[in-house]
Amino acid sequence: MADFQIDAEADITDVVCPVTFVKAKVALEELEDGQIISIRINDGEPVQNVPRSLKEEGHQILKLSANGDETYNLIVRKVGE
Amino acid sequence: MAVDYKALKDGGFMRQTQKNHFSLRLKAIGGNFTAEQLSTIAEISKTFGCGQVHLTSRQGIEIPFIKLDDVDKVKAELEAGGVYTGVCGPRVRTVTACQGAEICPSGCIDTYPLALEISDRYFGRELPHKFKFGVTGCMNNCLKAEENDLGIKGGYTIEWIKEACTLCGVCAKACREGAIAQTESEILLDETKCSNCGRCVKSCPFDAWRGEPGYILSFGGTFGNLIAKGEPVLPILRDKDALFRAADAALAFFDKYAKPGERFRVTIERAGWEAFRQTLETEMEAAYNG
């Protein structure tokens, strides 16, 4: 897996859709444009939907990697305000 | 003079329980009305009805409690405001549609212009029984395509673009069909599992999936006295001309083989699904060549 300079981390495995997206969005709002966040998400609906929702918000998805415990780390670069 | 109830009904005036009152069905396409049309409808309802409208199950509007004596006046005033009466009876009914790709992020096809085209081409056309078209933009099927005599569902035919792919891992998880597998060096697509939903295309951060919009048709859906879901008979159609050739052929089949007063579903089942599919393919090919 390519390495990225992670500026922040968030964990949205404690919430369900659609709050997963809201929590990820709030975490991204804390960042400066261009910073990179690693978001820990659950398997199932969150991993199916959250990457796409963040893409549609205009952010750059860099990588999705399995943690081996039915969670994933989604690496996202913040784009725009 | 005797009241011609059939003529009234054909023109969208539905007889009510209350004597000499009609619920007036308006022409709708894809459930879209402009604010100006809504103002006109509101005025008519207040002046000639009971100050209320009914939103129908097929995205239309009916104005109840229109009196028989006011029918002509109401029609004229509606038309002056750009609102037209709908139809009932044995003919092509209101074409329904979801908001589609123009508005909805999930949409694979632009549903409203397609609904307009279908309506322009077929609305009101007389047939052995009622005939309903519905257009839904994607696999989420908000518009319930398979409830219709002819349902149209948007989908993507997909293609992986190796050069653009970073093997980020998103599409393999976004796919709900298990059609996408990822190795160390490439993406493997099992086309037999692909449902054309387009979630890989929509979710890919690097535009490494190309999605060609297409139409998935279902035939013979009916959800009234007889309940049956429409069945896919043809593979996904890539262009609109093919869609209209299929619709032309389906309506011609219905006209030719139906007993009067029989729904499309019953006609197909009597003729047999395979015979129906063969007729569609033959007619579509003839129309393409001719």
# chains A, B, ... in the order shown; residues from 1 in each chain; ligands from 1
>>> closest_atom_pairs(of="chain B", to="chain A", cutoff="7 Å", atoms="only C-alpha atoms", output="tab-separated table")
residue	atom	partner	partner_atom	distance
B:Cys168	CA	A:Lys63	CA	4.4
B:Gly169	CA	A:Leu64	CA	5.2
B:Val170	CA	A:Leu64	CA	5.9
B:Lys173	CA	A:Gln48	CA	5.7
B:Ala174	CA	A:Gln48	CA	4.2
B:Lys202	CA	A:Arg52	CA	6.7
B:Ser203	CA	A:Arg52	CA	4.3
B:Pro205	CA	A:Ile61	CA	5.6
>>> select_by_dssp(residues="chain A", states="helix (DSSP H, G or I)", output="MDAnalysis selection string")
chainID A and resid 19:29 45:56
>>> closest_atom_pairs(of="segment 80-176 of chain B", to="segment 228-241 of chain B", cutoff="8 Å", atoms="only C-alpha atoms", output="CSV")
residue,atom,partner,partner_atom,distance
B:Ala145,CA,B:Gly230,CA,7.8
B:Glu146,CA,B:Gly230,CA,4.4
B:Glu147,CA,B:Lys229,CA,5.7
B:Asn148,CA,B:Gly230,CA,6.7
B:Asp149,CA,B:Gly230,CA,6.8
B:Leu150,CA,B:Gly230,CA,7.4
B:Gly151,CA,B:Gly230,CA,7.2
B:Gly155,CA,B:Ile236,CA,7.9
>>> write_last_selection(atoms="N, CA and C atoms", output="PDB file, in the first residue's frame")
ATOM      1  N   ALA B 145     -40.105   0.317 -11.861  1.00  0.00           N
ATOM      2  CA  ALA B 145     -40.279   0.036 -13.297  1.00  0.00           C
ATOM      3  C   ALA B 145     -41.132  -1.202 -13.558  1.00  0.00           C
ATOM      4  N   GLU B 146     -40.915  -2.250 -12.766  1.00  0.00           N
ATOM      5  CA  GLU B 146     -41.579  -3.535 -13.049  1.00  0.00           C
ATOM      6  C   GLU B 146     -43.075  -3.545 -12.733  1.00  0.00           C
ATOM      7  N   GLU B 147     -43.596  -2.444 -12.181  1.00  0.00           N
ATOM      8  CA  GLU B 147     -45.051  -2.357 -11.991  1.00  0.00           C
ATOM      9  C   GLU B 147     -45.764  -2.004 -13.296  1.00  0.00           C
ATOM     10  N   ASN B 148     -44.990  -1.573 -14.275  1.00  0.00           N
ATOM     11  CA  ASN B 148     -45.580  -1.038 -15.503  1.00  0.00           C
ATOM     12  C   ASN B 148     -45.696  -2.086 -16.604  1.00  0.00           C
ATOM     13  N   ASP B 149     -46.627  -1.851 -17.517  1.00  0.00           N
ATOM     14  CA  ASP B 149     -46.730  -2.715 -18.689  1.00  0.00           C
ATOM     15  C   ASP B 149     -45.403  -2.701 -19.440  1.00  0.00           C
ATOM     16  N   LEU B 150     -44.813  -1.507 -19.528  1.00  0.00           N
ATOM     17  CA  LEU B 150     -43.459  -1.413 -20.074  1.00  0.00           C
ATOM     18  C   LEU B 150     -42.642  -0.510 -19.146  1.00  0.00           C
ATOM     19  N   GLY B 151     -41.719  -1.125 -18.448  1.00  0.00           N
ATOM     20  CA  GLY B 151     -40.861  -0.384 -17.526  1.00  0.00           C
ATOM     21  C   GLY B 151     -39.494  -0.166 -18.141  1.00  0.00           C
ATOM     22  N   GLY B 155     -29.285   1.906 -16.651  1.00  0.00           N
ATOM     23  CA  GLY B 155     -28.154   1.138 -16.150  1.00  0.00           C
ATOM     24  C   GLY B 155     -26.906   1.488 -16.941  1.00  0.00           C
TER      25      GLY B 155
END
>>> residues_around(residues="Arg265 of chain B", least_positions_apart="6", cutoff="12 Å", atoms="only C-alpha atoms", output="ChimeraX atom specification")
/B:128-132,146-150,218-224,226-231,250,253-254,257-259,271-273,276
>>> closest_residue(among="A:Phe21, A:Ile36, A:Asp69, A:Val26", to="Phe4 of chain A", atoms="only C-alpha atoms")
A:Ile36
>>> atom_distance(atom1="atom CA of Glu70 of chain A", atom2="atom CA of Asn42 of chain A")
6.3 Å
>>> closest_residue(among="B:Val3, B:Ile66, B:Leu143, B:Val71", to="Gly31 of chain B", atoms="only C-alpha atoms")
B:Leu143
>>> atom_distance(atom1="atom CA of Ile61 of chain B", atom2="atom CA of Ala247 of chain B")
26.1 Å
>>> atom_distance(atom1="atom CA of Ile180 of chain B", atom2="atom CA of Arg40 of chain A")
22.2 Å
>>> closest_residue(among="B:Glu262, B:Glu177, B:Glu212, B:Glu186", to="Glu159 of chain B", atoms="only C-alpha atoms")
B:Glu212
